[in-house]
Amino acid sequence: MEAYRTLLAIGYTLLLLDVFSLVIYRSPATLFPQIVVLILSTFMIVYAIIQIRNLK
């Protein structure tokens, strides 16, 4: 349970940092890696939420 909560916190942190970096750095060179991190952090959050719900 604690591992999934930690994963959820890491996912939220990555998502927040990525959104800020999208706002600050709006160059085409950094757009693709930022979108990849955005997608992966979203999947991480969804996976952690599903696992926490299944444990209860």
# chains A, B, ... in the order shown; residues from 1 in each chain; ligands from 1
$ residues_around --residues "Leu8 (chain A)" --least-positions-apart "2" --cutoff "12 Å" --atoms "only C-alpha atoms" --output "number ranges by chain"
A: 1-6, 10-15, 41-52
$ atom_distance --atom1 "CA of Leu22 (chain A)" --atom2 "CA of Val36 (chain A)"
11.8 Å
$ closest_residue --among "A:Leu55, A:Leu40, A:Ala9, A:Ile35" --to "Ser21 (chain A)" --atoms "only C-alpha atoms"
A:Ile35
$ decode --residues "chain A" --atoms "C-alpha atoms" --output "mmCIF file, in the first residue's frame"
data_model
loop_
_atom_site.group_PDB
_atom_site.id
_atom_site.type_symbol
_atom_site.label_atom_id
_atom_site.label_comp_id
_atom_site.auth_asym_id
_atom_site.auth_seq_id
_atom_site.Cartn_x
_atom_site.Cartn_y
_atom_site.Cartn_z
ATOM 1 C CA MET A 1 0.000 0.000 0.000
ATOM 2 C CA GLU A 2 2.774 2.427 0.925
ATOM 3 C CA ALA A 3 4.614 1.621 -2.299
ATOM 4 C CA TYR A 4 1.603 2.644 -4.363
ATOM 5 C CA ARG A 5 1.169 5.843 -2.364
ATOM 6 C CA THR A 6 4.826 6.650 -2.967
ATOM 7 C CA LEU A 7 4.345 5.922 -6.666
ATOM 8 C CA LEU A 8 1.335 8.221 -6.663
ATOM 9 C CA ALA A 9 3.319 11.013 -5.018
ATOM 10 C CA ILE A 10 6.162 10.608 -7.510
ATOM 11 C CA GLY A 11 3.683 10.687 -10.386
ATOM 12 C CA TYR A 12 2.061 13.881 -9.116
ATOM 13 C CA THR A 13 5.473 15.489 -8.620
ATOM 14 C CA LEU A 14 6.586 14.580 -12.142
ATOM 15 C CA LEU A 15 3.320 15.841 -13.568
ATOM 16 C CA LEU A 16 3.582 19.137 -11.725
ATOM 17 C CA LEU A 17 7.210 19.671 -12.733
ATOM 18 C CA ASP A 18 6.440 18.788 -16.334
ATOM 19 C CA VAL A 19 3.530 21.215 -16.528
ATOM 20 C CA PHE A 20 5.740 23.986 -15.150
ATOM 21 C CA SER A 21 8.480 23.126 -17.629
ATOM 22 C CA LEU A 22 5.958 23.210 -20.477
ATOM 23 C CA VAL A 23 4.964 26.713 -19.403
ATOM 24 C CA ILE A 24 8.525 27.953 -18.921
ATOM 25 C CA TYR A 25 10.336 26.264 -21.835
ATOM 26 C CA ARG A 26 8.217 26.523 -24.946
ATOM 27 C CA SER A 27 10.758 25.401 -27.523
ATOM 28 C CA PRO A 28 10.207 22.724 -30.155
ATOM 29 C CA ALA A 29 13.437 20.991 -29.125
ATOM 30 C CA THR A 30 12.124 20.164 -25.654
ATOM 31 C CA LEU A 31 8.492 19.533 -26.557
ATOM 32 C CA PHE A 32 8.744 15.812 -27.369
ATOM 33 C CA PRO A 33 10.526 14.757 -24.135
ATOM 34 C CA GLN A 34 8.103 16.850 -22.093
ATOM 35 C CA ILE A 35 5.120 15.171 -23.744
ATOM 36 C CA VAL A 36 6.660 11.736 -23.093
ATOM 37 C CA VAL A 37 7.153 12.565 -19.399
ATOM 38 C CA LEU A 38 3.601 13.937 -19.241
ATOM 39 C CA ILE A 39 2.155 10.704 -20.649
ATOM 40 C CA LEU A 40 4.307 8.457 -18.443
ATOM 41 C CA SER A 41 3.499 10.362 -15.270
ATOM 42 C CA THR A 42 -0.204 10.231 -16.110
ATOM 43 C CA PHE A 43 0.006 6.450 -16.591
ATOM 44 C CA MET A 44 1.909 6.179 -13.305
ATOM 45 C CA ILE A 45 -0.802 8.097 -11.447
ATOM 46 C CA VAL A 46 -3.617 6.061 -13.002
ATOM 47 C CA TYR A 47 -1.833 2.777 -12.234
ATOM 48 C CA ALA A 48 -1.239 3.752 -8.603
ATOM 49 C CA ILE A 49 -4.864 4.842 -8.134
ATOM 50 C CA ILE A 50 -6.151 1.575 -9.606
ATOM 51 C CA GLN A 51 -3.846 -0.501 -7.398
ATOM 52 C CA ILE A 52 -4.824 1.424 -4.261
ATOM 53 C CA ARG A 53 -8.521 0.944 -5.046
ATOM 54 C CA ASN A 54 -8.002 -2.785 -5.611
ATOM 55 C CA LEU A 55 -6.281 -3.183 -2.222
ATOM 56 C CA LYS A 56 -9.174 -1.706 -0.249
#
